[in-house]
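Colleague: One file is attached below, structure_22.json, containing JSON, N, CA, C and O atoms.
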```
[["chain", "number", "residue", "atom", "x", "y", "z"],
["A", 259, "MET", "N", 31.77, -12.27, -157.98],
["A", 259, "MET", "CA", 31.30, -11.75, -156.71],
["A", 259, "MET", "C", 32.26, -12.22, -155.62],
["A", 259, "MET", "O", 32.55, -13.40, -155.51],
["A", 260, "SER", "N", 32.73, -11.30, -154.81],
["A", 260, "SER", "CA", 33.69, -11.66, -153.76],
["A", 260, "SER", "C", 32.99, -12.37, -152.60],
["A", 260, "SER", "O", 31.76, -12.30, -152.45],
["A", 261, "ASP", "N", 33.79, -13.05, -151.79],
["A", 261, "ASP", "CA", 33.23, -13.74, -150.63],
["A", 261, "ASP", "C", 32.52, -12.78, -149.69],
["A", 261, "ASP", "O", 31.44, -13.08, -149.18],
["A", 262, "ILE", "N", 33.12, -11.62, -149.46],
["A", 262, "ILE", "CA", 32.51, -10.64, -148.55],
["A", 262, "ILE", "C", 31.18, -10.16, -149.09],
["A", 262, "ILE", "O", 30.21, -10.00, -148.35],
["A", 263, "THR", "N", 31.11, -9.93, -150.39],
["A", 263, "THR", "CA", 29.86, -9.51, -151.01],
["A", 263, "THR", "C", 28.79, -10.59, -150.85],
["A", 263, "THR", "O", 27.63, -10.29, -150.55],
["A", 264, "GLN", "N", 29.19, -11.84, -151.00],
["A", 264, "GLN", "CA", 28.24, -12.94, -150.83],
["A", 264, "GLN", "C", 27.77, -13.06, -149.39],
["A", 264, "GLN", "O", 26.58, -13.28, -149.13],
["A", 265, "ILE", "N", 28.68, -12.89, -148.44],
["A", 265, "ILE", "CA", 28.30, -12.96, -147.02],
["A", 265, "ILE", "C", 27.35, -11.83, -146.68],
["A", 265, "ILE", "O", 26.36, -12.02, -145.96],
["A", 266, "ARG", "N", 27.61, -10.64, -147.20],
["A", 266, "ARG", "CA", 26.69, -9.51, -146.97],
["A", 266, "ARG", "C", 25.31, -9.81, -147.55],
["A", 266, "ARG", "O", 24.29, -9.49, -146.95],
["A", 267, "ALA", "N", 25.27, -10.43, -148.74],
["A", 267, "ALA", "CA", 23.99, -10.78, -149.37],
["A", 267, "ALA", "C", 23.25, -11.83, -148.54],
["A", 267, "ALA", "O", 22.04, -11.73, -148.34],
["A", 268, "ILE", "N", 23.97, -12.84, -148.06],
["A", 268, "ILE", "CA", 23.36, -13.87, -147.21],
["A", 268, "ILE", "C", 22.77, -13.24, -145.96],
["A", 268, "ILE", "O", 21.64, -13.55, -145.55],
["A", 269, "LYS", "N", 23.53, -12.35, -145.33],
["A", 269, "LYS", "CA", 23.05, -11.69, -144.11],
["A", 269, "LYS", "C", 21.79, -10.87, -144.41],
["A", 269, "LYS", "O", 20.80, -10.94, -143.67],
["A", 270, "SER", "N", 21.82, -10.13, -145.49],
["A", 270, "SER", "CA", 20.67, -9.29, -145.86],
["A", 270, "SER", "C", 19.43, -10.14, -146.12],
["A", 270, "SER", "O", 18.33, -9.84, -145.65],
["A", 271, "GLN", "N", 19.59, -11.23, -146.86],
["A", 271, "GLN", "CA", 18.47, -12.12, -147.17],
["A", 271, "GLN", "C", 17.93, -12.79, -145.91],
["A", 271, "GLN", "O", 16.72, -12.92, -145.73],
["A", 272, "THR", "N", 18.84, -13.19, -145.02],
["A", 272, "THR", "CA", 18.42, -13.85, -143.78],
["A", 272, "THR", "C", 17.68, -12.88, -142.88],
["A", 272, "THR", "O", 16.67, -13.23, -142.26],
["A", 273, "LEU", "N", 18.15, -11.65, -142.78],
["A", 273, "LEU", "CA", 17.46, -10.64, -141.98],
["A", 273, "LEU", "C", 16.07, -10.36, -142.53],
["A", 273, "LEU", "O", 15.11, -10.17, -141.77],
["A", 274, "ALA", "N", 15.94, -10.35, -143.85],
["A", 274, "ALA", "CA", 14.62, -10.15, -144.46],
["A", 274, "ALA", "C", 13.68, -11.30, -144.12],
["A", 274, "ALA", "O", 12.50, -11.07, -143.80],
["A", 275, "LEU", "N", 14.19, -12.53, -144.14],
["A", 275, "LEU", "CA", 13.39, -13.69, -143.74],
["A", 275, "LEU", "C", 12.97, -13.59, -142.28],
["A", 275, "LEU", "O", 11.82, -13.86, -141.93],
["A", 276, "LEU", "N", 13.91, -13.21, -141.42],
["A", 276, "LEU", "CA", 13.58, -13.06, -140.00],
["A", 276, "LEU", "C", 12.49, -12.01, -139.78],
["A", 276, "LEU", "O", 11.57, -12.23, -138.99],
["A", 277, "ALA", "N", 12.60, -10.90, -140.48],
["A", 277, "ALA", "CA", 11.59, -9.85, -140.35],
["A", 277, "ALA", "C", 10.22, -10.35, -140.79],
["A", 277, "ALA", "O", 9.20, -10.10, -140.13],
["A", 278, "GLU", "N", 10.20, -11.07, -141.89],
["A", 278, "GLU", "CA", 8.95, -11.60, -142.42],
["A", 278, "GLU", "C", 8.33, -12.64, -141.47],
["A", 278, "GLU", "O", 7.13, -12.60, -141.19],
["A", 279, "LEU", "N", 9.15, -13.54, -140.98],
["A", 279, "LEU", "CA", 8.64, -14.61, -140.11],
["A", 279, "LEU", "C", 8.22, -14.12, -138.73],
["A", 279, "LEU", "O", 7.27, -14.65, -138.15],
["A", 280, "THR", "N", 8.90, -13.12, -138.21],
["A", 280, "THR", "CA", 8.53, -12.62, -136.89],
["A", 280, "THR", "C", 7.35, -11.65, -136.96],
["A", 280, "THR", "O", 6.70, -11.40, -135.96],
["A", 281, "ALA", "N", 7.08, -11.12, -138.15],
["A", 281, "ALA", "CA", 5.91, -10.23, -138.30],
["A", 281, "ALA", "C", 4.62, -11.03, -138.18],
["A", 281, "ALA", "O", 3.61, -10.50, -137.69],
["A", 282, "SER", "N", 4.64, -12.27, -138.62],
["A", 282, "SER", "CA", 3.46, -13.13, -138.49],
["A", 282, "SER", "C", 3.93, -14.52, -138.08],
["A", 282, "SER", "O", 4.05, -15.42, -138.92],
["A", 283, "PRO", "N", 4.23, -14.69, -136.78],
["A", 283, "PRO", "CA", 4.76, -15.96, -136.30],
["A", 283, "PRO", "C", 3.81, -17.13, -136.52],
["A", 283, "PRO", "O", 2.59, -16.95, -136.55],
["A", 284, "LYS", "N", 4.39, -18.29, -136.69],
["A", 284, "LYS", "CA", 3.61, -19.50, -136.93],
["A", 284, "LYS", "C", 3.92, -20.51, -135.83],
["A", 284, "LYS", "O", 5.04, -20.56, -135.33],
["A", 285, "PRO", "N", 2.95, -21.34, -135.50],
["A", 285, "PRO", "CA", 3.21, -22.37, -134.48],
["A", 285, "PRO", "C", 3.94, -23.57, -135.09],
["A", 285, "PRO", "O", 3.87, -23.80, -136.29],
["A", 286, "SER", "N", 4.63, -24.31, -134.24],
["A", 286, "SER", "CA", 5.22, -25.56, -134.68],
["A", 286, "SER", "C", 4.11, -26.60, -134.79],
["A", 286, "SER", "O", 3.09, -26.49, -134.13],
["A", 287, "TYR", "N", 4.32, -27.58, -135.67],
["A", 287, "TYR", "CA", 3.27, -28.59, -135.85],
["A", 287, "TYR", "C", 3.87, -29.89, -136.37],
["A", 287, "TYR", "O", 5.02, -29.95, -136.77],
["A", 288, "SER", "N", 3.05, -30.93, -136.36],
["A", 288, "SER", "CA", 3.41, -32.23, -136.88],
["A", 288, "SER", "C", 2.36, -32.62, -137.91],
["A", 288, "SER", "O", 1.16, -32.50, -137.66],
["A", 289, "LEU", "N", 2.80, -33.09, -139.08],
["A", 289, "LEU", "CA", 1.88, -33.47, -140.14],
["A", 289, "LEU", "C", 2.38, -34.77, -140.78],
["A", 289, "LEU", "O", 3.50, -34.82, -141.29],
["A", 290, "ASP", "N", 1.56, -35.78, -140.72],
["A", 290, "ASP", "CA", 1.91, -37.08, -141.29],
["A", 290, "ASP", "C", 3.26, -37.58, -140.79],
["A", 290, "ASP", "O", 4.08, -38.09, -141.55],
["A", 291, "GLY", "N", 3.52, -37.38, -139.51],
["A", 291, "GLY", "CA", 4.76, -37.86, -138.90],
["A", 291, "GLY", "C", 5.96, -36.96, -139.12],
["A", 291, "GLY", "O", 7.05, -37.25, -138.65],
["A", 292, "GLN", "N", 5.78, -35.85, -139.82],
["A", 292, "GLN", "CA", 6.88, -34.92, -140.06],
["A", 292, "GLN", "C", 6.72, -33.72, -139.13],
["A", 292, "GLN", "O", 5.65, -33.09, -139.09],
["A", 293, "GLN", "N", 7.77, -33.41, -138.38],
["A", 293, "GLN", "CA", 7.75, -32.31, -137.42],
["A", 293, "GLN", "C", 8.25, -31.03, -138.07],
["A", 293, "GLN", "O", 9.30, -31.04, -138.74],
["A", 294, "VAL", "N", 7.52, -29.94, -137.90],
["A", 294, "VAL", "CA", 7.95, -28.63, -138.39],
["A", 294, "VAL", "C", 8.06, -27.71, -137.17],
["A", 294, "VAL", "O", 7.06, -27.43, -136.51],
["A", 295, "SER", "N", 9.28, -27.30, -136.86],
["A", 295, "SER", "CA", 9.52, -26.46, -135.69],
["A", 295, "SER", "C", 9.96, -25.07, -136.14],
["A", 295, "SER", "O", 11.10, -24.88, -136.59],
["A", 296, "TRP", "N", 9.06, -24.11, -136.05],
["A", 296, "TRP", "CA", 9.38, -22.74, -136.47],
["A", 296, "TRP", "C", 10.41, -22.11, -135.55],
["A", 296, "TRP", "O", 11.25, -21.34, -135.99],
["A", 297, "SER", "N", 10.38, -22.47, -134.27],
["A", 297, "SER", "CA", 11.37, -21.90, -133.35],
["A", 297, "SER", "C", 12.78, -22.39, -133.70],
["A", 297, "SER", "O", 13.74, -21.62, -133.64],
["A", 298, "ASP", "N", 12.91, -23.66, -134.11],
["A", 298, "ASP", "CA", 14.22, -24.16, -134.55],
["A", 298, "ASP", "C", 14.66, -23.45, -135.82],
["A", 298, "ASP", "O", 15.85, -23.10, -135.97],
["A", 299, "TYR", "N", 13.74, -23.21, -136.73],
["A", 299, "TYR", "CA", 14.06, -22.51, -137.98],
["A", 299, "TYR", "C", 14.51, -21.07, -137.69],
["A", 299, "TYR", "O", 15.53, -20.61, -138.24],
["A", 300, "LEU", "N", 13.81, -20.39, -136.80],
["A", 300, "LEU", "CA", 14.20, -19.03, -136.44],
["A", 300, "LEU", "C", 15.59, -19.03, -135.80],
["A", 300, "LEU", "O", 16.41, -18.15, -136.08],
["A", 301, "ARG", "N", 15.87, -20.01, -134.95],
["A", 301, "ARG", "CA", 17.19, -20.12, -134.31],
["A", 301, "ARG", "C", 18.29, -20.31, -135.37],
["A", 301, "ARG", "O", 19.36, -19.72, -135.29],
["A", 302, "GLN", "N", 18.01, -21.13, -136.36],
["A", 302, "GLN", "CA", 18.98, -21.35, -137.45],
["A", 302, "GLN", "C", 19.24, -20.06, -138.23],
["A", 302, "GLN", "O", 20.38, -19.76, -138.61],
["A", 303, "LEU", "N", 18.19, -19.28, -138.44],
["A", 303, "LEU", "CA", 18.36, -18.00, -139.13],
["A", 303, "LEU", "C", 19.20, -17.04, -138.31],
["A", 303, "LEU", "O", 20.09, -16.36, -138.84],
["A", 304, "VAL", "N", 18.93, -16.98, -137.01],
["A", 304, "VAL", "CA", 19.72, -16.11, -136.12],
["A", 304, "VAL", "C", 21.18, -16.57, -136.11],
["A", 304, "VAL", "O", 22.10, -15.74, -136.17],
["A", 305, "ASP", "N", 21.41, -17.88, -136.06],
["A", 305, "ASP", "CA", 22.78, -18.41, -136.11],
["A", 305, "ASP", "C", 23.47, -18.02, -137.41],
["A", 305, "ASP", "O", 24.67, -17.72, -137.41],
["A", 306, "THR", "N", 22.73, -18.00, -138.51],
["A", 306, "THR", "CA", 23.30, -17.61, -139.80],
["A", 306, "THR", "C", 23.73, -16.14, -139.78],
["A", 306, "THR", "O", 24.82, -15.80, -140.24],
["A", 307, "VAL", "N", 22.90, -15.28, -139.21],
["A", 307, "VAL", "CA", 23.25, -13.85, -139.10],
["A", 307, "VAL", "C", 24.48, -13.69, -138.22],
["A", 307, "VAL", "O", 25.40, -12.93, -138.55],
["A", 308, "GLU", "N", 24.54, -14.42, -137.11],
["A", 308, "GLU", "CA", 25.70, -14.33, -136.22],
["A", 308, "GLU", "C", 26.97, -14.81, -136.92],
["A", 308, "GLU", "O", 28.04, -14.23, -136.76],
["A", 309, "TRP", "N", 26.86, -15.89, -137.73],
["A", 309, "TRP", "CA", 28.01, -16.37, -138.49],
["A", 309, "TRP", "C", 28.47, -15.30, -139.48],
["A", 309, "TRP", "O", 29.67, -15.05, -139.60],
["A", 310, "CYS", "N", 27.52, -14.70, -140.18],
["A", 310, "CYS", "CA", 27.87, -13.63, -141.13],
["A", 310, "CYS", "C", 28.58, -12.50, -140.41],
["A", 310, "CYS", "O", 29.60, -11.99, -140.90],
["A", 311, "ASP", "N", 28.06, -12.10, -139.26],
["A", 311, "ASP", "CA", 28.70, -11.03, -138.49],
["A", 311, "ASP", "C", 30.13, -11.39, -138.11],
["A", 311, "ASP", "O", 31.04, -10.56, -138.20],
["A", 312, "SER", "N", 30.35, -12.65, -137.70],
["A", 312, "SER", "CA", 31.70, -13.06, -137.32],
["A", 312, "SER", "C", 32.65, -13.04, -138.52],
["A", 312, "SER", "O", 33.82, -12.71, -138.38],
["A", 313, "GLN", "N", 32.14, -13.40, -139.70],
["A", 313, "GLN", "CA", 32.97, -13.38, -140.90],
["A", 313, "GLN", "C", 33.29, -11.96, -141.34],
["A", 313, "GLN", "O", 34.38, -11.66, -141.80],
["A", 314, "LEU", "N", 32.31, -11.08, -141.17],
["A", 314, "LEU", "CA", 32.50, -9.69, -141.60],
["A", 314, "LEU", "C", 33.32, -8.87, -140.60],
["A", 314, "LEU", "O", 33.93, -7.87, -140.98],
["A", 315, "ARG", "N", 33.34, -9.30, -139.37],
["A", 315, "ARG", "CA", 34.02, -8.55, -138.32],
["A", 315, "ARG", "C", 35.48, -8.28, -138.67],
["A", 315, "ARG", "O", 36.00, -7.19, -138.44],
["A", 316, "GLY", "N", 36.15, -9.23, -139.22],
["A", 316, "GLY", "CA", 37.56, -9.06, -139.57],
["A", 316, "GLY", "C", 37.79, -8.32, -140.87],
["A", 316, "GLY", "O", 38.89, -7.90, -141.16],
["A", 317, "GLU", "N", 36.76, -8.13, -141.65],
["A", 317, "GLU", "CA", 36.91, -7.53, -142.97],
["A", 317, "GLU", "C", 36.54, -6.06, -143.03],
["A", 317, "GLU", "O", 36.96, -5.35, -143.93],
["A", 318, "GLU", "N", 35.73, -5.62, -142.09],
["A", 318, "GLU", "CA", 35.26, -4.24, -142.13],
["A", 318, "GLU", "C", 36.03, -3.41, -141.12],
["A", 318, "GLU", "O", 36.39, -3.90, -140.04],
["A", 319, "PRO", "N", 36.29, -2.16, -141.44],
["A", 319, "PRO", "CA", 36.99, -1.32, -140.47],
["A", 319, "PRO", "C", 36.14, -1.13, -139.22],
["A", 319, "PRO", "O", 34.92, -1.10, -139.28],
["A", 320, "ALA", "N", 36.82, -1.06, -138.10],
["A", 320, "ALA", "CA", 36.12, -0.89, -136.82],
["A", 320, "ALA", "C", 36.62, 0.37, -136.14],
["A", 320, "ALA", "O", 37.77, 0.78, -136.31],
["A", 321, "GLU", "N", 35.75, 0.97, -135.39],
["A", 321, "GLU", "CA", 36.11, 2.16, -134.64],
["A", 321, "GLU", "C", 35.94, 1.84, -133.16],
["A", 321, "GLU", "O", 34.90, 1.34, -132.73],
["A", 322, "VAL", "N", 37.01, 2.10, -132.40],
["A", 322, "VAL", "CA", 36.96, 1.86, -130.97],
["A", 322, "VAL", "C", 37.14, 3.20, -130.29],
["A", 322, "VAL", "O", 38.15, 3.89, -130.48],
["A", 323, "ARG", "N", 36.17, 3.57, -129.49],
["A", 323, "ARG", "CA", 36.27, 4.83, -128.75],
["A", 323, "ARG", "C", 36.85, 4.53, -127.38],
["A", 323, "ARG", "O", 36.41, 3.61, -126.69],
["A", 324, "SER", "N", 37.81, 5.34, -127.00],
["A", 324, "SER", "CA", 38.40, 5.17, -125.68],
["A", 324, "SER", "C", 38.74, 6.55, -125.12],
["A", 324, "SER", "O", 38.79, 7.54, -125.84],
["A", 325, "ARG", "N", 38.92, 6.57, -123.84],
["A", 325, "ARG", "CA", 39.22, 7.83, -123.18],
["A", 325, "ARG", "C", 40.33, 7.57, -122.18],
["A", 325, "ARG", "O", 40.22, 6.68, -121.34],
["A", 326, "GLY", "N", 41.37, 8.31, -122.27],
["A", 326, "GLY", "CA", 42.48, 8.18, -121.33],
["A", 326, "GLY", "C", 42.37, 9.23, -120.24],
["A", 326, "GLY", "O", 41.74, 10.27, -120.39],
["A", 327, "PHE", "N", 42.96, 8.92, -119.11],
["A", 327, "PHE", "CA", 42.97, 9.89, -118.01],
["A", 327, "PHE", "C", 44.22, 9.66, -117.17],
["A", 327, "PHE", "O", 44.83, 8.60, -117.19],
["A", 328, "THR", "N", 44.60, 10.67, -116.44],
["A", 328, "THR", "CA", 45.75, 10.59, -115.55],
["A", 328, "THR", "C", 45.33, 11.02, -114.16],
["A", 328, "THR", "O", 44.33, 11.71, -113.98],
["A", 329, "ARG", "N", 46.13, 10.62, -113.22],
["A", 329, "ARG", "CA", 45.84, 11.03, -111.82],
["A", 329, "ARG", "C", 46.81, 12.08, -111.38],
["A", 329, "ARG", "O", 47.88, 12.19, -111.69]]
```
Could I get this file's structure written as C-alpha cells?
Modeller:
Amino acid sequence: MSDITQIRAIKSQTLALLAELTASPKPSYSLDGQQVSWSDYLRQLVDTVEWCDSQLRGEEPAEVRSRGFTR
C-alpha cells in the first residue's frame, strides 16, 4: 500500500469518526481523577484531517481557474 493510499485511508477513517462523534456529541468529564475532553479529541481529529489534506495537496492534480483581461 502506497503512502498516499494510506493517507487517504486515514483521512477517510478520521472523517467517519468526526461524523459519528458530532452526530451525538458527548460532554467532557472527569472520572477517578482522569480527565476526558471530547472537545480536545475532536480538535485532534480535525488536525489529523488537515494534516492529511496538506500531505495530499502536493500529490493530487489541482485546477486553478483564472481570467485574464486587458485595458
Colleague: Taking every listed atom of segment 268-272 of chain A and adding 6 Å to each side, what centre and edge lengths in Å (one decimal) does the axis-aligned box have, as JSON?
Modeller:
```
{"center_x": 20.3, "center_y": -11.6, "center_z": -145.2, "size_x": 19.3, "size_y": 16.6, "size_z": 17.8}
```
Colleague: Go through A:Val304, A:Asp298, A:Phe327, A:Asp290 and flag the residue nearest Leu276 of chain A, using all atoms listed in the file for the distances.
Modeller: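 Among A:Val304, A:Asp298, A:Phe327, A:Asp290, it is A:Val304 that comes nearest to Leu276 of chain A.
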Colleague: Could you give me, as a Markdown table, a per-residue list for segment 303-329 of chain A showing, wherever an atom lies at most 8 Å from an atom of segment 270-273 of chain A, the closest pair of atoms and their distance in Å to one decimal, using all atoms listed in the file and sorting by chain then residue number from low to high?
Modeller:
```
| residue | atom | partner | partner_atom | distance |
| --- | --- | --- | --- | --- |
| A:Leu303 | O | A:Thr272 | O | 5.8 |
| A:Val304 | N | A:Thr272 | O | 6.8 |
| A:Thr306 | C | A:Thr272 | CA | 7.0 |
| A:Val307 | N | A:Thr272 | CA | 6.6 |
```
Colleague: One decimal, Å: what's the distance from atom O of Trp296 of chain A over to atom C of Lys284 of chain A, could you say?
Modeller: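 Computing it gives 7.4 Å between the two atoms.
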Colleague: With DSSP run on the backbone, what are the strand (DSSP E or B) residues within chain A? I'd like them as a PyMOL selection string.
Modeller: chain A and resi 287-289+292-294
Colleague: For the selection just defined, write its residues with N, CA, C and O atoms to a file, as an mmCIF file, in the coordinates of the input.
Modeller:
```cif
data_model
loop_
_atom_site.group_PDB
_atom_site.id
_atom_site.type_symbol
_atom_site.label_atom_id
_atom_site.label_comp_id
_atom_site.auth_asym_id
_atom_site.auth_seq_id
_atom_site.Cartn_x
_atom_site.Cartn_y
_atom_site.Cartn_z
ATOM 1 N N TYR A 287 4.320 -27.580 -135.670
ATOM 2 C CA TYR A 287 3.270 -28.590 -135.850
ATOM 3 C C TYR A 287 3.870 -29.890 -136.370
ATOM 4 O O TYR A 287 5.020 -29.950 -136.770
ATOM 5 N N SER A 288 3.050 -30.930 -136.360
ATOM 6 C CA SER A 288 3.410 -32.230 -136.880
ATOM 7 C C SER A 288 2.360 -32.620 -137.910
ATOM 8 O O SER A 288 1.160 -32.500 -137.660
ATOM 9 N N LEU A 289 2.800 -33.090 -139.080
ATOM 10 C CA LEU A 289 1.880 -33.470 -140.140
ATOM 11 C C LEU A 289 2.380 -34.770 -140.780
ATOM 12 O O LEU A 289 3.500 -34.820 -141.290
ATOM 13 N N GLN A 292 5.780 -35.850 -139.820
ATOM 14 C CA GLN A 292 6.880 -34.920 -140.060
ATOM 15 C C GLN A 292 6.720 -33.720 -139.130
ATOM 16 O O GLN A 292 5.650 -33.090 -139.090
ATOM 17 N N GLN A 293 7.770 -33.410 -138.380
ATOM 18 C CA GLN A 293 7.750 -32.310 -137.420
ATOM 19 C C GLN A 293 8.250 -31.030 -138.070
ATOM 20 O O GLN A 293 9.300 -31.040 -138.740
ATOM 21 N N VAL A 294 7.520 -29.940 -137.900
ATOM 22 C CA VAL A 294 7.950 -28.630 -138.390
ATOM 23 C C VAL A 294 8.060 -27.710 -137.170
ATOM 24 O O VAL A 294 7.060 -27.430 -136.510
#
```
Colleague: Just to confirm, what's the straight-line distance from atom CA of Thr263 of chain A to atom CA of Leu279 of chain A in Å (one decimal)?
Modeller: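 A separation of 24.4 Å between them.
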Colleague: What is the atom N of Ile262 of chain A to atom C of Ser295 of chain A distance in Å?
Modeller: 29.9 Å
Colleague: From a DSSP pass on the backbone, collect the residues of segment 263-313 of chain A flagged as alpha helix (DSSP H) and hand them back as an MDAnalysis selection string.
Modeller: chainID A and resid 263:281 296:313
Colleague: Take the selection from the previous step and output its residues with N, CA, C and O atoms, as a compact mmCIF listing (two decimals), in the frame of the given file.
Modeller:
```txt
# COMPACT_ATOMS: atom_id res chain seq x y z
N THR A 263 31.11 -9.93 -150.39
CA THR A 263 29.86 -9.51 -151.01
C THR A 263 28.79 -10.59 -150.85
O THR A 263 27.63 -10.29 -150.55
N GLN A 264 29.19 -11.84 -151.00
CA GLN A 264 28.24 -12.94 -150.83
C GLN A 264 27.77 -13.06 -149.39
O GLN A 264 26.58 -13.28 -149.13
N ILE A 265 28.68 -12.89 -148.44
CA ILE A 265 28.30 -12.96 -147.02
C ILE A 265 27.35 -11.83 -146.68
O ILE A 265 26.36 -12.02 -145.96
N ARG A 266 27.61 -10.64 -147.20
CA ARG A 266 26.69 -9.51 -146.97
C ARG A 266 25.31 -9.81 -147.55
O ARG A 266 24.29 -9.49 -146.95
N ALA A 267 25.27 -10.43 -148.74
CA ALA A 267 23.99 -10.78 -149.37
C ALA A 267 23.25 -11.83 -148.54
O ALA A 267 22.04 -11.73 -148.34
N ILE A 268 23.97 -12.84 -148.06
CA ILE A 268 23.36 -13.87 -147.21
C ILE A 268 22.77 -13.24 -145.96
O ILE A 268 21.64 -13.55 -145.55
N LYS A 269 23.53 -12.35 -145.33
CA LYS A 269 23.05 -11.69 -144.11
C LYS A 269 21.79 -10.87 -144.41
O LYS A 269 20.80 -10.94 -143.67
N SER A 270 21.82 -10.13 -145.49
CA SER A 270 20.67 -9.29 -145.86
C SER A 270 19.43 -10.14 -146.12
O SER A 270 18.33 -9.84 -145.65
N GLN A 271 19.59 -11.23 -146.86
CA GLN A 271 18.47 -12.12 -147.17
C GLN A 271 17.93 -12.79 -145.91
O GLN A 271 16.72 -12.92 -145.73
N THR A 272 18.84 -13.19 -145.02
CA THR A 272 18.42 -13.85 -143.78
C THR A 272 17.68 -12.88 -142.88
O THR A 272 16.67 -13.23 -142.26
N LEU A 273 18.15 -11.65 -142.78
CA LEU A 273 17.46 -10.64 -141.98
C LEU A 273 16.07 -10.36 -142.53
O LEU A 273 15.11 -10.17 -141.77
N ALA A 274 15.94 -10.35 -143.85
CA ALA A 274 14.62 -10.15 -144.46
C ALA A 274 13.68 -11.30 -144.12
O ALA A 274 12.50 -11.07 -143.80
N LEU A 275 14.19 -12.53 -144.14
CA LEU A 275 13.39 -13.69 -143.74
C LEU A 275 12.97 -13.59 -142.28
O LEU A 275 11.82 -13.86 -141.93
N LEU A 276 13.91 -13.21 -141.42
CA LEU A 276 13.58 -13.06 -140.00
C LEU A 276 12.49 -12.01 -139.78
O LEU A 276 11.57 -12.23 -138.99
N ALA A 277 12.60 -10.90 -140.48
CA ALA A 277 11.59 -9.85 -140.35
C ALA A 277 10.22 -10.35 -140.79
O ALA A 277 9.20 -10.10 -140.13
N GLU A 278 10.20 -11.07 -141.89
CA GLU A 278 8.95 -11.60 -142.42
C GLU A 278 8.33 -12.64 -141.47
O GLU A 278 7.13 -12.60 -141.19
N LEU A 279 9.15 -13.54 -140.98
CA LEU A 279 8.64 -14.61 -140.11
C LEU A 279 8.22 -14.12 -138.73
O LEU A 279 7.27 -14.65 -138.15
N THR A 280 8.90 -13.12 -138.21
CA THR A 280 8.53 -12.62 -136.89
C THR A 280 7.35 -11.65 -136.96
O THR A 280 6.70 -11.40 -135.96
N ALA A 281 7.08 -11.12 -138.15
CA ALA A 281 5.91 -10.23 -138.30
C ALA A 281 4.62 -11.03 -138.18
O ALA A 281 3.61 -10.50 -137.69
N TRP A 296 9.06 -24.11 -136.05
CA TRP A 296 9.38 -22.74 -136.47
C TRP A 296 10.41 -22.11 -135.55
O TRP A 296 11.25 -21.34 -135.99
N SER A 297 10.38 -22.47 -134.27
CA SER A 297 11.37 -21.90 -133.35
C SER A 297 12.78 -22.39 -133.70
O SER A 297 13.74 -21.62 -133.64
N ASP A 298 12.91 -23.66 -134.11
CA ASP A 298 14.22 -24.16 -134.55
C ASP A 298 14.66 -23.45 -135.82
O ASP A 298 15.85 -23.10 -135.97
N TYR A 299 13.74 -23.21 -136.73
CA TYR A 299 14.06 -22.51 -137.98
C TYR A 299 14.51 -21.07 -137.69
O TYR A 299 15.53 -20.61 -138.24
N LEU A 300 13.81 -20.39 -136.80
CA LEU A 300 14.20 -19.03 -136.44
C LEU A 300 15.59 -19.03 -135.80
O LEU A 300 16.41 -18.15 -136.08
N ARG A 301 15.87 -20.01 -134.95
CA ARG A 301 17.19 -20.12 -134.31
C ARG A 301 18.29 -20.31 -135.37
O ARG A 301 19.36 -19.72 -135.29
N GLN A 302 18.01 -21.13 -136.36
CA GLN A 302 18.98 -21.35 -137.45
C GLN A 302 19.24 -20.06 -138.23
O GLN A 302 20.38 -19.76 -138.61
N LEU A 303 18.19 -19.28 -138.44
CA LEU A 303 18.36 -18.00 -139.13
C LEU A 303 19.20 -17.04 -138.31
O LEU A 303 20.09 -16.36 -138.84
N VAL A 304 18.93 -16.98 -137.01
CA VAL A 304 19.72 -16.11 -136.12
C VAL A 304 21.18 -16.57 -136.11
O VAL A 304 22.10 -15.74 -136.17
N ASP A 305 21.41 -17.88 -136.06
CA ASP A 305 22.78 -18.41 -136.11
C ASP A 305 23.47 -18.02 -137.41
O ASP A 305 24.67 -17.72 -137.41
N THR A 306 22.73 -18.00 -138.51
CA THR A 306 23.30 -17.61 -139.80
C THR A 306 23.73 -16.14 -139.78
O THR A 306 24.82 -15.80 -140.24
N VAL A 307 22.90 -15.28 -139.21
CA VAL A 307 23.25 -13.85 -139.10
C VAL A 307 24.48 -13.69 -138.22
O VAL A 307 25.40 -12.93 -138.55
N GLU A 308 24.54 -14.42 -137.11
CA GLU A 308 25.70 -14.33 -136.22
C GLU A 308 26.97 -14.81 -136.92
O GLU A 308 28.04 -14.23 -136.76
N TRP A 309 26.86 -15.89 -137.73
CA TRP A 309 28.01 -16.37 -138.49
C TRP A 309 28.47 -15.30 -139.48
O TRP A 309 29.67 -15.05 -139.60
N CYS A 310 27.52 -14.70 -140.18
CA CYS A 310 27.87 -13.63 -141.13
C CYS A 310 28.58 -12.50 -140.41
O CYS A 310 29.60 -11.99 -140.90
N ASP A 311 28.06 -12.10 -139.26
CA ASP A 311 28.70 -11.03 -138.49
C ASP A 311 30.13 -11.39 -138.11
O ASP A 311 31.04 -10.56 -138.20
N SER A 312 30.35 -12.65 -137.70
CA SER A 312 31.70 -13.06 -137.32
C SER A 312 32.65 -13.04 -138.52
O SER A 312 33.82 -12.71 -138.38
N GLN A 313 32.14 -13.40 -139.70
CA GLN A 313 32.97 -13.38 -140.90
C GLN A 313 33.29 -11.96 -141.34
O GLN A 313 34.38 -11.66 -141.80
```
